[in-house]
$ cat structure.txt   # compact mmCIF, N, CA and C atoms
# COMPACT_ATOMS: atom_id res chain seq x y z
N MET A 2 0.86 -1.18 0.00
CA MET A 2 0.00 0.00 0.00
C MET A 2 0.90 1.24 0.00
N THR A 3 0.56 2.17 -0.84
CA THR A 3 1.38 3.38 -0.95
C THR A 3 1.10 4.32 0.23
N ARG A 4 1.97 5.27 0.36
CA ARG A 4 1.81 6.27 1.43
C ARG A 4 0.50 7.03 1.27
N ARG A 5 0.19 7.39 0.05
CA ARG A 5 -1.06 8.13 -0.22
C ARG A 5 -2.27 7.28 0.15
N GLN A 6 -2.24 6.00 -0.14
CA GLN A 6 -3.34 5.10 0.20
C GLN A 6 -3.48 4.96 1.72
N ARG A 7 -2.35 4.88 2.43
CA ARG A 7 -2.40 4.80 3.90
C ARG A 7 -2.99 6.08 4.48
N HIS A 8 -2.62 7.23 3.93
CA HIS A 8 -3.19 8.51 4.39
C HIS A 8 -4.70 8.54 4.12
N ALA A 9 -5.11 8.04 2.96
CA ALA A 9 -6.53 8.00 2.62
C ALA A 9 -7.29 7.09 3.58
N LEU A 10 -6.69 5.96 3.95
CA LEU A 10 -7.32 5.06 4.92
C LEU A 10 -7.51 5.75 6.27
N ALA A 11 -6.51 6.47 6.72
CA ALA A 11 -6.62 7.19 7.99
C ALA A 11 -7.73 8.23 7.93
N LEU A 12 -7.78 8.96 6.85
CA LEU A 12 -8.81 9.99 6.67
C LEU A 12 -10.20 9.35 6.59
N LEU A 13 -10.31 8.26 5.88
CA LEU A 13 -11.59 7.56 5.77
C LEU A 13 -12.07 7.06 7.14
N ALA A 14 -11.17 6.47 7.91
CA ALA A 14 -11.53 5.98 9.25
C ALA A 14 -12.01 7.14 10.12
N PHE A 15 -11.31 8.26 10.06
CA PHE A 15 -11.71 9.42 10.85
C PHE A 15 -13.08 9.92 10.40
N ALA A 16 -13.31 9.97 9.09
CA ALA A 16 -14.59 10.44 8.56
C ALA A 16 -15.73 9.52 8.97
N VAL A 17 -15.49 8.22 8.99
CA VAL A 17 -16.53 7.26 9.41
C VAL A 17 -16.91 7.49 10.86
N VAL A 18 -15.93 7.65 11.73
CA VAL A 18 -16.22 7.86 13.15
C VAL A 18 -16.92 9.20 13.37
N VAL A 19 -16.48 10.24 12.69
CA VAL A 19 -17.15 11.54 12.79
C VAL A 19 -18.58 11.41 12.28
N GLY A 20 -18.77 10.68 11.19
CA GLY A 20 -20.12 10.46 10.67
C GLY A 20 -21.01 9.73 11.64
N ILE A 21 -20.48 8.72 12.30
CA ILE A 21 -21.25 7.99 13.32
C ILE A 21 -21.65 8.93 14.44
N SER A 22 -20.69 9.73 14.90
CA SER A 22 -20.96 10.65 16.00
C SER A 22 -22.01 11.70 15.61
N LEU A 23 -21.87 12.29 14.43
CA LEU A 23 -22.83 13.30 13.99
C LEU A 23 -24.22 12.70 13.79
N SER A 24 -24.27 11.49 13.24
CA SER A 24 -25.56 10.82 13.05
C SER A 24 -26.25 10.56 14.39
N ALA A 25 -25.46 10.07 15.35
CA ALA A 25 -26.02 9.81 16.68
C ALA A 25 -26.48 11.11 17.34
N SER A 26 -25.73 12.18 17.16
CA SER A 26 -26.09 13.47 17.75
C SER A 26 -27.39 14.01 17.16
N ALA A 27 -27.61 13.71 15.89
CA ALA A 27 -28.83 14.17 15.22
C ALA A 27 -30.01 13.21 15.45
N GLY A 28 -29.74 12.08 16.10
CA GLY A 28 -30.81 11.13 16.38
C GLY A 28 -31.02 10.08 15.30
N TYR A 29 -30.09 10.01 14.35
CA TYR A 29 -30.20 9.02 13.27
C TYR A 29 -29.38 7.78 13.61
N GLY A 30 -29.80 6.65 13.08
CA GLY A 30 -29.03 5.42 13.23
C GLY A 30 -29.18 4.71 14.55
N GLN A 31 -30.02 5.21 15.43
CA GLN A 31 -30.18 4.57 16.73
C GLN A 31 -30.75 3.16 16.59
N ASP A 32 -31.65 2.96 15.62
CA ASP A 32 -32.25 1.64 15.42
C ASP A 32 -31.20 0.61 15.04
N ALA A 33 -30.20 1.02 14.29
CA ALA A 33 -29.15 0.10 13.86
C ALA A 33 -28.27 -0.35 15.01
N LEU A 34 -28.27 0.41 16.10
CA LEU A 34 -27.40 0.07 17.23
C LEU A 34 -28.14 -0.51 18.44
N THR A 35 -29.43 -0.73 18.32
CA THR A 35 -30.18 -1.23 19.48
C THR A 35 -29.68 -2.59 19.94
N TRP A 36 -29.24 -3.44 19.00
CA TRP A 36 -28.72 -4.75 19.38
C TRP A 36 -27.51 -4.62 20.30
N LEU A 37 -26.71 -3.59 20.07
CA LEU A 37 -25.51 -3.39 20.88
C LEU A 37 -25.87 -3.06 22.32
N HIS A 38 -26.95 -2.32 22.52
CA HIS A 38 -27.37 -1.94 23.86
C HIS A 38 -27.98 -3.10 24.64
N HIS A 39 -28.34 -4.18 23.94
CA HIS A 39 -28.89 -5.35 24.62
C HIS A 39 -27.80 -6.29 25.11
N LEU A 40 -26.59 -6.10 24.67
CA LEU A 40 -25.48 -6.91 25.14
C LEU A 40 -24.95 -6.35 26.46
N PRO A 41 -24.46 -7.21 27.35
CA PRO A 41 -23.85 -6.69 28.57
C PRO A 41 -22.66 -5.79 28.22
N ALA A 42 -22.69 -4.58 28.68
CA ALA A 42 -21.64 -3.58 28.43
C ALA A 42 -21.43 -3.35 26.93
N GLY A 43 -22.46 -3.57 26.14
CA GLY A 43 -22.34 -3.45 24.69
C GLY A 43 -21.91 -2.07 24.23
N ASP A 44 -22.46 -1.04 24.85
CA ASP A 44 -22.10 0.33 24.47
C ASP A 44 -20.63 0.60 24.77
N VAL A 45 -20.17 0.14 25.91
CA VAL A 45 -18.77 0.34 26.31
C VAL A 45 -17.84 -0.42 25.37
N VAL A 46 -18.20 -1.66 25.06
CA VAL A 46 -17.39 -2.47 24.15
C VAL A 46 -17.37 -1.81 22.76
N GLY A 47 -18.50 -1.28 22.34
CA GLY A 47 -18.56 -0.57 21.07
C GLY A 47 -17.62 0.61 21.02
N HIS A 48 -17.60 1.41 22.09
CA HIS A 48 -16.68 2.55 22.15
C HIS A 48 -15.23 2.09 22.06
N PHE A 49 -14.90 1.02 22.77
CA PHE A 49 -13.53 0.50 22.75
C PHE A 49 -13.11 0.14 21.33
N PHE A 50 -13.97 -0.61 20.62
CA PHE A 50 -13.59 -1.08 19.30
C PHE A 50 -13.67 0.01 18.22
N VAL A 51 -14.63 0.91 18.31
CA VAL A 51 -14.71 1.99 17.32
C VAL A 51 -13.50 2.91 17.44
N PHE A 52 -13.21 3.35 18.66
CA PHE A 52 -12.07 4.25 18.83
C PHE A 52 -10.74 3.51 18.66
N GLY A 53 -10.69 2.25 19.05
CA GLY A 53 -9.49 1.46 18.83
C GLY A 53 -9.22 1.24 17.35
N GLY A 54 -10.27 0.94 16.60
CA GLY A 54 -10.11 0.78 15.15
C GLY A 54 -9.66 2.07 14.48
N LEU A 55 -10.24 3.17 14.93
CA LEU A 55 -9.82 4.48 14.41
C LEU A 55 -8.35 4.73 14.71
N ALA A 56 -7.94 4.47 15.94
CA ALA A 56 -6.54 4.69 16.32
C ALA A 56 -5.59 3.80 15.53
N ALA A 57 -5.98 2.56 15.30
CA ALA A 57 -5.13 1.66 14.52
C ALA A 57 -4.98 2.18 13.09
N ALA A 58 -6.08 2.59 12.49
CA ALA A 58 -6.02 3.09 11.10
C ALA A 58 -5.21 4.37 11.00
N VAL A 59 -5.45 5.29 11.92
CA VAL A 59 -4.73 6.57 11.89
C VAL A 59 -3.25 6.36 12.17
N THR A 60 -2.93 5.56 13.15
CA THR A 60 -1.52 5.33 13.50
C THR A 60 -0.78 4.64 12.36
N TRP A 61 -1.38 3.61 11.79
CA TRP A 61 -0.74 2.90 10.70
C TRP A 61 -0.67 3.80 9.46
N GLY A 62 -1.74 4.52 9.20
CA GLY A 62 -1.80 5.33 7.99
C GLY A 62 -0.92 6.56 8.00
N LEU A 63 -0.74 7.15 9.17
CA LEU A 63 0.00 8.42 9.23
C LEU A 63 1.41 8.30 9.79
N GLY A 64 1.76 7.14 10.29
CA GLY A 64 3.12 6.94 10.77
C GLY A 64 3.17 6.33 12.15
N PRO A 65 3.38 5.01 12.21
CA PRO A 65 3.37 4.32 13.50
C PRO A 65 4.49 4.75 14.43
N ASN A 66 5.56 5.31 13.90
CA ASN A 66 6.64 5.76 14.78
C ASN A 66 6.22 6.97 15.63
N ARG A 67 5.10 7.60 15.29
CA ARG A 67 4.57 8.73 16.07
C ARG A 67 3.27 8.34 16.76
N TRP A 68 3.19 7.10 17.21
CA TRP A 68 1.94 6.59 17.76
C TRP A 68 1.44 7.39 18.95
N ARG A 69 2.33 7.91 19.77
CA ARG A 69 1.91 8.71 20.93
C ARG A 69 1.23 10.01 20.49
N ALA A 70 1.75 10.63 19.46
CA ALA A 70 1.15 11.87 18.96
C ALA A 70 -0.25 11.60 18.42
N TRP A 71 -0.42 10.53 17.65
CA TRP A 71 -1.75 10.22 17.10
C TRP A 71 -2.72 9.85 18.21
N ALA A 72 -2.24 9.09 19.19
CA ALA A 72 -3.11 8.73 20.32
C ALA A 72 -3.51 9.99 21.10
N GLY A 73 -2.58 10.92 21.26
CA GLY A 73 -2.89 12.17 21.96
C GLY A 73 -3.94 12.99 21.23
N LEU A 74 -3.80 13.11 19.92
CA LEU A 74 -4.79 13.87 19.14
C LEU A 74 -6.15 13.19 19.16
N LEU A 75 -6.16 11.87 19.06
CA LEU A 75 -7.44 11.15 19.10
C LEU A 75 -8.06 11.21 20.50
N THR A 76 -7.22 11.29 21.52
CA THR A 76 -7.74 11.46 22.89
C THR A 76 -8.50 12.78 22.98
N LEU A 77 -7.93 13.84 22.42
CA LEU A 77 -8.63 15.13 22.41
C LEU A 77 -9.95 15.05 21.66
N ALA A 78 -9.94 14.36 20.52
CA ALA A 78 -11.18 14.21 19.74
C ALA A 78 -12.23 13.43 20.52
N ALA A 79 -11.81 12.37 21.22
CA ALA A 79 -12.75 11.57 22.01
C ALA A 79 -13.30 12.38 23.18
N LEU A 80 -12.45 13.18 23.81
CA LEU A 80 -12.90 14.04 24.91
C LEU A 80 -13.94 15.05 24.42
N VAL A 81 -13.65 15.69 23.29
CA VAL A 81 -14.60 16.66 22.73
C VAL A 81 -15.92 15.98 22.40
N ASP A 82 -15.85 14.80 21.78
CA ASP A 82 -17.06 14.08 21.41
C ASP A 82 -17.90 13.73 22.63
N GLU A 83 -17.27 13.22 23.66
CA GLU A 83 -18.03 12.79 24.85
C GLU A 83 -18.55 13.98 25.65
N VAL A 84 -17.74 15.00 25.84
CA VAL A 84 -18.16 16.17 26.61
C VAL A 84 -19.27 16.93 25.88
N ALA A 85 -19.21 16.96 24.55
CA ALA A 85 -20.25 17.64 23.78
C ALA A 85 -21.62 17.00 24.01
N GLN A 86 -21.64 15.75 24.40
CA GLN A 86 -22.89 15.05 24.63
C GLN A 86 -23.67 15.62 25.82
N LEU A 87 -22.97 16.33 26.68
CA LEU A 87 -23.65 16.94 27.83
C LEU A 87 -24.74 17.93 27.39
N GLY A 88 -24.56 18.54 26.24
CA GLY A 88 -25.52 19.53 25.77
C GLY A 88 -26.40 19.06 24.63
N LEU A 89 -26.37 17.78 24.32
CA LEU A 89 -27.16 17.27 23.20
C LEU A 89 -28.29 16.38 23.70
N PRO A 90 -29.52 16.64 23.25
CA PRO A 90 -30.66 15.89 23.76
C PRO A 90 -30.67 14.42 23.36
N ASN A 91 -30.06 14.06 22.23
CA ASN A 91 -30.07 12.68 21.75
C ASN A 91 -28.89 11.86 22.24
N ARG A 92 -28.02 12.46 23.05
CA ARG A 92 -26.81 11.77 23.50
C ARG A 92 -26.71 11.82 25.02
N THR A 93 -25.94 10.91 25.58
CA THR A 93 -25.76 10.84 27.01
C THR A 93 -24.27 10.70 27.33
N PHE A 94 -23.75 11.61 28.13
CA PHE A 94 -22.36 11.53 28.57
C PHE A 94 -22.21 10.36 29.53
N ALA A 95 -21.12 9.61 29.38
CA ALA A 95 -20.83 8.52 30.32
C ALA A 95 -19.32 8.38 30.48
N TRP A 96 -18.88 8.36 31.72
CA TRP A 96 -17.46 8.17 32.00
C TRP A 96 -16.98 6.82 31.46
N THR A 97 -17.84 5.80 31.54
CA THR A 97 -17.44 4.48 31.06
C THR A 97 -17.21 4.49 29.55
N ASP A 98 -18.04 5.21 28.81
CA ASP A 98 -17.82 5.33 27.36
C ASP A 98 -16.50 6.02 27.07
N LEU A 99 -16.24 7.09 27.79
CA LEU A 99 -14.99 7.83 27.59
C LEU A 99 -13.80 6.94 27.93
N GLY A 100 -13.87 6.26 29.06
CA GLY A 100 -12.77 5.38 29.46
C GLY A 100 -12.52 4.27 28.45
N ALA A 101 -13.59 3.67 27.96
CA ALA A 101 -13.44 2.60 26.97
C ALA A 101 -12.85 3.14 25.67
N GLY A 102 -13.30 4.32 25.25
CA GLY A 102 -12.76 4.92 24.03
C GLY A 102 -11.28 5.23 24.17
N LEU A 103 -10.90 5.79 25.30
CA LEU A 103 -9.48 6.12 25.52
C LEU A 103 -8.63 4.87 25.63
N ALA A 104 -9.15 3.84 26.27
CA ALA A 104 -8.41 2.57 26.36
C ALA A 104 -8.21 1.99 24.97
N GLY A 105 -9.24 2.02 24.14
CA GLY A 105 -9.11 1.53 22.77
C GLY A 105 -8.10 2.31 21.97
N ILE A 106 -8.14 3.63 22.12
CA ILE A 106 -7.19 4.49 21.40
C ILE A 106 -5.75 4.15 21.76
N TRP A 107 -5.46 4.17 23.05
CA TRP A 107 -4.07 4.00 23.48
C TRP A 107 -3.56 2.59 23.26
N LEU A 108 -4.41 1.58 23.47
CA LEU A 108 -3.98 0.21 23.25
C LEU A 108 -3.72 -0.04 21.76
N ALA A 109 -4.61 0.40 20.90
CA ALA A 109 -4.44 0.17 19.46
C ALA A 109 -3.24 0.94 18.92
N ALA A 110 -3.10 2.20 19.31
CA ALA A 110 -1.96 3.00 18.82
C ALA A 110 -0.65 2.38 19.29
N TRP A 111 -0.61 1.94 20.54
CA TRP A 111 0.60 1.30 21.07
C TRP A 111 0.90 0.01 20.30
N ALA A 112 -0.12 -0.81 20.06
CA ALA A 112 0.08 -2.08 19.37
C ALA A 112 0.59 -1.87 17.94
N VAL A 113 0.02 -0.91 17.23
CA VAL A 113 0.47 -0.63 15.87
C VAL A 113 1.90 -0.08 15.89
N GLY A 114 2.17 0.81 16.83
CA GLY A 114 3.52 1.35 16.95
C GLY A 114 4.53 0.27 17.31
N ARG A 115 4.15 -0.63 18.19
CA ARG A 115 5.04 -1.72 18.60
C ARG A 115 5.33 -2.66 17.43
N ARG A 116 4.28 -2.99 16.71
CA ARG A 116 4.46 -3.90 15.56
C ARG A 116 5.37 -3.26 14.52
N ALA A 117 5.18 -1.99 14.26
CA ALA A 117 5.99 -1.31 13.24
C ALA A 117 7.44 -1.17 13.68
N ALA A 118 7.67 -1.02 14.98
CA ALA A 118 9.02 -0.86 15.49
C ALA A 118 9.74 -2.19 15.64
N GLY A 119 9.01 -3.27 15.52
CA GLY A 119 9.63 -4.58 15.67
C GLY A 119 9.41 -5.15 17.05
N SER A 120 9.62 -4.33 18.08
CA SER A 120 9.38 -4.83 19.44
C SER A 120 9.14 -3.71 20.44
N ASP A 121 9.85 -2.60 20.31
CA ASP A 121 9.77 -1.57 21.34
C ASP A 121 9.57 -0.19 20.73
N PRO A 122 8.29 0.27 20.65
CA PRO A 122 8.07 1.60 20.10
C PRO A 122 8.43 2.69 21.10
N ARG A 123 9.30 3.57 20.72
CA ARG A 123 9.70 4.63 21.65
C ARG A 123 9.09 5.93 21.28

$ encode --input "structure.txt" --output "C-alpha cells"
Amino acid sequence: MTRRQRHALALLAFAVVVGISLSASAGYGQDALTWLHHLPAGDVVGHFFVFGGLAAAVTWGLGPNRWRAWAGLLTLAALVDEVAQLGLPNRTFAWTDLGAGLAGIWLAAWAVGRRAAGSDPR
C-alpha cells in the first residue's frame, strides 16, 4: 500500500467515526445500534472497538513511529465528542464510554507502533 493510500485510509476511518458521532447526535441510526445496547456492556465495548479501530487506522496510515502523537490527538477528539454530549438531547455523557474509548485508542496505537518498530516503540 502506498503512502497516499495509507493517508486516505486514515482519513476515511476518521470520517466514518465523525459520521457515526454526527448521526447519533442528530438522532439518526439509533435503530441500527439497538442490538448493541442489549449486550452486557455493549455500548462500552462498542466505544472500545470503534475508537481502537480508528486509532489503529490513523496510527498505521499516518506513521506508526509517532503513535503517541496520534493517540494524543485522538484522545482530544474523544474528549470533545463525549463532553459535547452533555448539551445534546439525543446523546448521554458517560465516563465508562470515555474510558473505553481512551483505552481503545491507546492500546491500538501502542500495538500498531510496537508492531511497526519490531518490538519496542519509543

$ residues_near_point --input "structure.txt" --point "(-16.8, 11.7, 12.6)" --cutoff "12 Å" --atoms "only C-alpha atoms" --output "JSON, numbers by chain"
{"A": [12, 13, 14, 15, 16, 17, 18, 19, 20, 21, 22, 23, 24, 25, 26, 51, 52, 55, 75, 78, 79, 81, 82]}

$ write_last_selection --input "structure.txt" --atoms "N, CA and C atoms" --output "PDB file, in the coordinates of the input"
ATOM      1  N   LEU A  12      -7.780   8.960   6.850  1.00  0.00           N
ATOM      2  CA  LEU A  12      -8.810   9.990   6.670  1.00  0.00           C
ATOM      3  C   LEU A  12     -10.200   9.350   6.590  1.00  0.00           C
ATOM      4  N   LEU A  13     -10.310   8.260   5.880  1.00  0.00           N
ATOM      5  CA  LEU A  13     -11.590   7.560   5.770  1.00  0.00           C
ATOM      6  C   LEU A  13     -12.070   7.060   7.140  1.00  0.00           C
ATOM      7  N   ALA A  14     -11.170   6.470   7.910  1.00  0.00           N
ATOM      8  CA  ALA A  14     -11.530   5.980   9.250  1.00  0.00           C
ATOM      9  C   ALA A  14     -12.010   7.140  10.120  1.00  0.00           C
ATOM     10  N   PHE A  15     -11.310   8.260  10.060  1.00  0.00           N
ATOM     11  CA  PHE A  15     -11.710   9.420  10.850  1.00  0.00           C
ATOM     12  C   PHE A  15     -13.080   9.920  10.400  1.00  0.00           C
ATOM     13  N   ALA A  16     -13.310   9.970   9.090  1.00  0.00           N
ATOM     14  CA  ALA A  16     -14.590  10.440   8.560  1.00  0.00           C
ATOM     15  C   ALA A  16     -15.730   9.520   8.970  1.00  0.00           C
ATOM     16  N   VAL A  17     -15.490   8.220   8.990  1.00  0.00           N
ATOM     17  CA  VAL A  17     -16.530   7.260   9.410  1.00  0.00           C
ATOM     18  C   VAL A  17     -16.910   7.490  10.860  1.00  0.00           C
ATOM     19  N   VAL A  18     -15.930   7.650  11.730  1.00  0.00           N
ATOM     20  CA  VAL A  18     -16.220   7.860  13.150  1.00  0.00           C
ATOM     21  C   VAL A  18     -16.920   9.200  13.370  1.00  0.00           C
ATOM     22  N   VAL A  19     -16.480  10.240  12.690  1.00  0.00           N
ATOM     23  CA  VAL A  19     -17.150  11.540  12.790  1.00  0.00           C
ATOM     24  C   VAL A  19     -18.580  11.410  12.280  1.00  0.00           C
ATOM     25  N   GLY A  20     -18.770  10.680  11.190  1.00  0.00           N
ATOM     26  CA  GLY A  20     -20.120  10.460  10.670  1.00  0.00           C
ATOM     27  C   GLY A  20     -21.010   9.730  11.640  1.00  0.00           C
ATOM     28  N   ILE A  21     -20.480   8.720  12.300  1.00  0.00           N
ATOM     29  CA  ILE A  21     -21.250   7.990  13.320  1.00  0.00           C
ATOM     30  C   ILE A  21     -21.650   8.930  14.440  1.00  0.00           C
ATOM     31  N   SER A  22     -20.690   9.730  14.900  1.00  0.00           N
ATOM     32  CA  SER A  22     -20.960  10.650  16.000  1.00  0.00           C
ATOM     33  C   SER A  22     -22.010  11.700  15.610  1.00  0.00           C
ATOM     34  N   LEU A  23     -21.870  12.290  14.430  1.00  0.00           N
ATOM     35  CA  LEU A  23     -22.830  13.300  13.990  1.00  0.00           C
ATOM     36  C   LEU A  23     -24.220  12.700  13.790  1.00  0.00           C
ATOM     37  N   SER A  24     -24.270  11.490  13.240  1.00  0.00           N
ATOM     38  CA  SER A  24     -25.560  10.820  13.050  1.00  0.00           C
ATOM     39  C   SER A  24     -26.250  10.560  14.390  1.00  0.00           C
ATOM     40  N   ALA A  25     -25.460  10.070  15.350  1.00  0.00           N
ATOM     41  CA  ALA A  25     -26.020   9.810  16.680  1.00  0.00           C
ATOM     42  C   ALA A  25     -26.480  11.110  17.340  1.00  0.00           C
ATOM     43  N   SER A  26     -25.730  12.180  17.160  1.00  0.00           N
ATOM     44  CA  SER A  26     -26.090  13.470  17.750  1.00  0.00           C
ATOM     45  C   SER A  26     -27.390  14.010  17.160  1.00  0.00           C
ATOM     46  N   VAL A  51     -14.630   0.910  18.310  1.00  0.00           N
ATOM     47  CA  VAL A  51     -14.710   1.990  17.320  1.00  0.00           C
ATOM     48  C   VAL A  51     -13.500   2.910  17.440  1.00  0.00           C
ATOM     49  N   PHE A  52     -13.210   3.350  18.660  1.00  0.00           N
ATOM     50  CA  PHE A  52     -12.070   4.250  18.830  1.00  0.00           C
ATOM     51  C   PHE A  52     -10.740   3.510  18.660  1.00  0.00           C
ATOM     52  N   LEU A  55     -10.240   3.170  14.930  1.00  0.00           N
ATOM     53  CA  LEU A  55      -9.820   4.480  14.410  1.00  0.00           C
ATOM     54  C   LEU A  55      -8.350   4.730  14.710  1.00  0.00           C
ATOM     55  N   LEU A  75      -6.160  11.870  19.060  1.00  0.00           N
ATOM     56  CA  LEU A  75      -7.440  11.150  19.100  1.00  0.00           C
ATOM     57  C   LEU A  75      -8.060  11.210  20.500  1.00  0.00           C
ATOM     58  N   ALA A  78      -9.940  14.360  20.520  1.00  0.00           N
ATOM     59  CA  ALA A  78     -11.180  14.210  19.740  1.00  0.00           C
ATOM     60  C   ALA A  78     -12.230  13.430  20.520  1.00  0.00           C
ATOM     61  N   ALA A  79     -11.810  12.370  21.220  1.00  0.00           N
ATOM     62  CA  ALA A  79     -12.750  11.570  22.010  1.00  0.00           C
ATOM     63  C   ALA A  79     -13.300  12.380  23.180  1.00  0.00           C
ATOM     64  N   VAL A  81     -13.650  15.690  23.290  1.00  0.00           N
ATOM     65  CA  VAL A  81     -14.600  16.660  22.730  1.00  0.00           C
ATOM     66  C   VAL A  81     -15.920  15.980  22.400  1.00  0.00           C
ATOM     67  N   ASP A  82     -15.850  14.800  21.780  1.00  0.00           N
ATOM     68  CA  ASP A  82     -17.060  14.080  21.410  1.00  0.00           C
ATOM     69  C   ASP A  82     -17.900  13.730  22.630  1.00  0.00           C
TER      70      ASP A  82
END

$ residues_around --input "structure.txt" --residues "Ala11 of chain A" --least-positions-apart "6" --cutoff "8 Å" --atoms "all atoms listed in the file" --output "short mmCIF file (atom, residue, chain, number, x, y, z; two decimals) with N, CA and C atoms, in the coordinates of the input"
data_model
loop_
_atom_site.label_atom_id
_atom_site.label_comp_id
_atom_site.auth_asym_id
_atom_site.auth_seq_id
_atom_site.Cartn_x
_atom_site.Cartn_y
_atom_site.Cartn_z
N ARG A 5 0.19 7.39 0.05
CA ARG A 5 -1.06 8.13 -0.22
C ARG A 5 -2.27 7.28 0.15
N VAL A 17 -15.49 8.22 8.99
CA VAL A 17 -16.53 7.26 9.41
C VAL A 17 -16.91 7.49 10.86
N LEU A 55 -10.24 3.17 14.93
CA LEU A 55 -9.82 4.48 14.41
C LEU A 55 -8.35 4.73 14.71
N ALA A 57 -5.98 2.56 15.30
CA ALA A 57 -5.13 1.66 14.52
C ALA A 57 -4.98 2.18 13.09
N ALA A 58 -6.08 2.59 12.49
CA ALA A 58 -6.02 3.09 11.10
C ALA A 58 -5.21 4.37 11.00
N VAL A 59 -5.45 5.29 11.92
CA VAL A 59 -4.73 6.57 11.89
C VAL A 59 -3.25 6.36 12.17
N THR A 60 -2.93 5.56 13.15
CA THR A 60 -1.52 5.33 13.50
C THR A 60 -0.78 4.64 12.36
N TRP A 61 -1.38 3.61 11.79
CA TRP A 61 -0.74 2.90 10.70
C TRP A 61 -0.67 3.80 9.46
N GLY A 62 -1.74 4.52 9.20
CA GLY A 62 -1.80 5.33 7.99
C GLY A 62 -0.92 6.56 8.00
N LEU A 63 -0.74 7.15 9.17
CA LEU A 63 0.00 8.42 9.23
C LEU A 63 1.41 8.30 9.79
#

$ atom_distance --input "structure.txt" --atom1 "atom N of Ala72 of chain A" --atom2 "atom C of Pro41 of chain A"
26.8 Å

$ atom_distance --input "structure.txt" --atom1 "atom N of Ala110 of chain A" --atom2 "atom N of Val46 of chain A"
16.6 Å

$ axis_aligned_box --input "structure.txt" --around "segment 40-57 of chain A" --padding-each-side "4 Å" --output "JSON"
{"center_x": -15.8, "center_y": -1.2, "center_z": 20.9, "size_x": 29.6, "size_y": 19.9, "size_z": 23.6}

$ atom_distance --input "structure.txt" --atom1 "atom CA of Gly28 of chain A" --atom2 "atom C of Pro90 of chain A"
7.7 Å

$ select_by_dssp --input "structure.txt" --residues "segment 36-114 of chain A" --states "helix (DSSP H, G or I)" --output "PyMOL selection string"
chain A and resi 36-38+43-63+65-88+96-114

$ residues_around --input "structure.txt" --residues "Leu80 of chain A" --least-positions-apart "6" --cutoff "8 Å" --atoms "only N, CA and C atoms" --output "MDAnalysis selection string"
chainID A and resid 74 86 99 103

$ closest_residue --input "structure.txt" --among "A:Trp111, A:Gly43, A:Phe50, A:Ala56" --to "Arg69 of chain A" --atoms "only N, CA and C atoms"
A:Trp111

$ residues_around --input "structure.txt" --residues "Asn66 of chain A" --least-positions-apart "3" --cutoff "7 Å" --atoms "only N, CA and C atoms" --output "PyMOL selection string"
chain A and resi 60+63+69-70+113-114+117-118+122-123

$ decode --input "structure.txt" --residues "segment 105-117 of chain A" --atoms "C-alpha atoms" --output "mmCIF file, in the first residue's frame"
data_model
loop_
_atom_site.group_PDB
_atom_site.id
_atom_site.type_symbol
_atom_site.label_atom_id
_atom_site.label_comp_id
_atom_site.auth_asym_id
_atom_site.auth_seq_id
_atom_site.Cartn_x
_atom_site.Cartn_y
_atom_site.Cartn_z
ATOM 1 C CA GLY A 105 -9.115 1.526 22.773
ATOM 2 C CA ILE A 106 -7.192 4.490 21.397
ATOM 3 C CA TRP A 107 -4.072 3.999 23.485
ATOM 4 C CA LEU A 108 -3.981 0.207 23.246
ATOM 5 C CA ALA A 109 -4.441 0.173 19.461
ATOM 6 C CA ALA A 110 -1.962 2.997 18.822
ATOM 7 C CA TRP A 111 0.599 1.299 21.065
ATOM 8 C CA ALA A 112 0.079 -2.081 19.367
ATOM 9 C CA VAL A 113 0.472 -0.633 15.866
ATOM 10 C CA GLY A 114 3.524 1.346 16.950
ATOM 11 C CA ARG A 115 5.042 -1.721 18.602
ATOM 12 C CA ARG A 116 4.459 -3.904 15.564
ATOM 13 C CA ALA A 117 5.988 -1.313 13.244
#
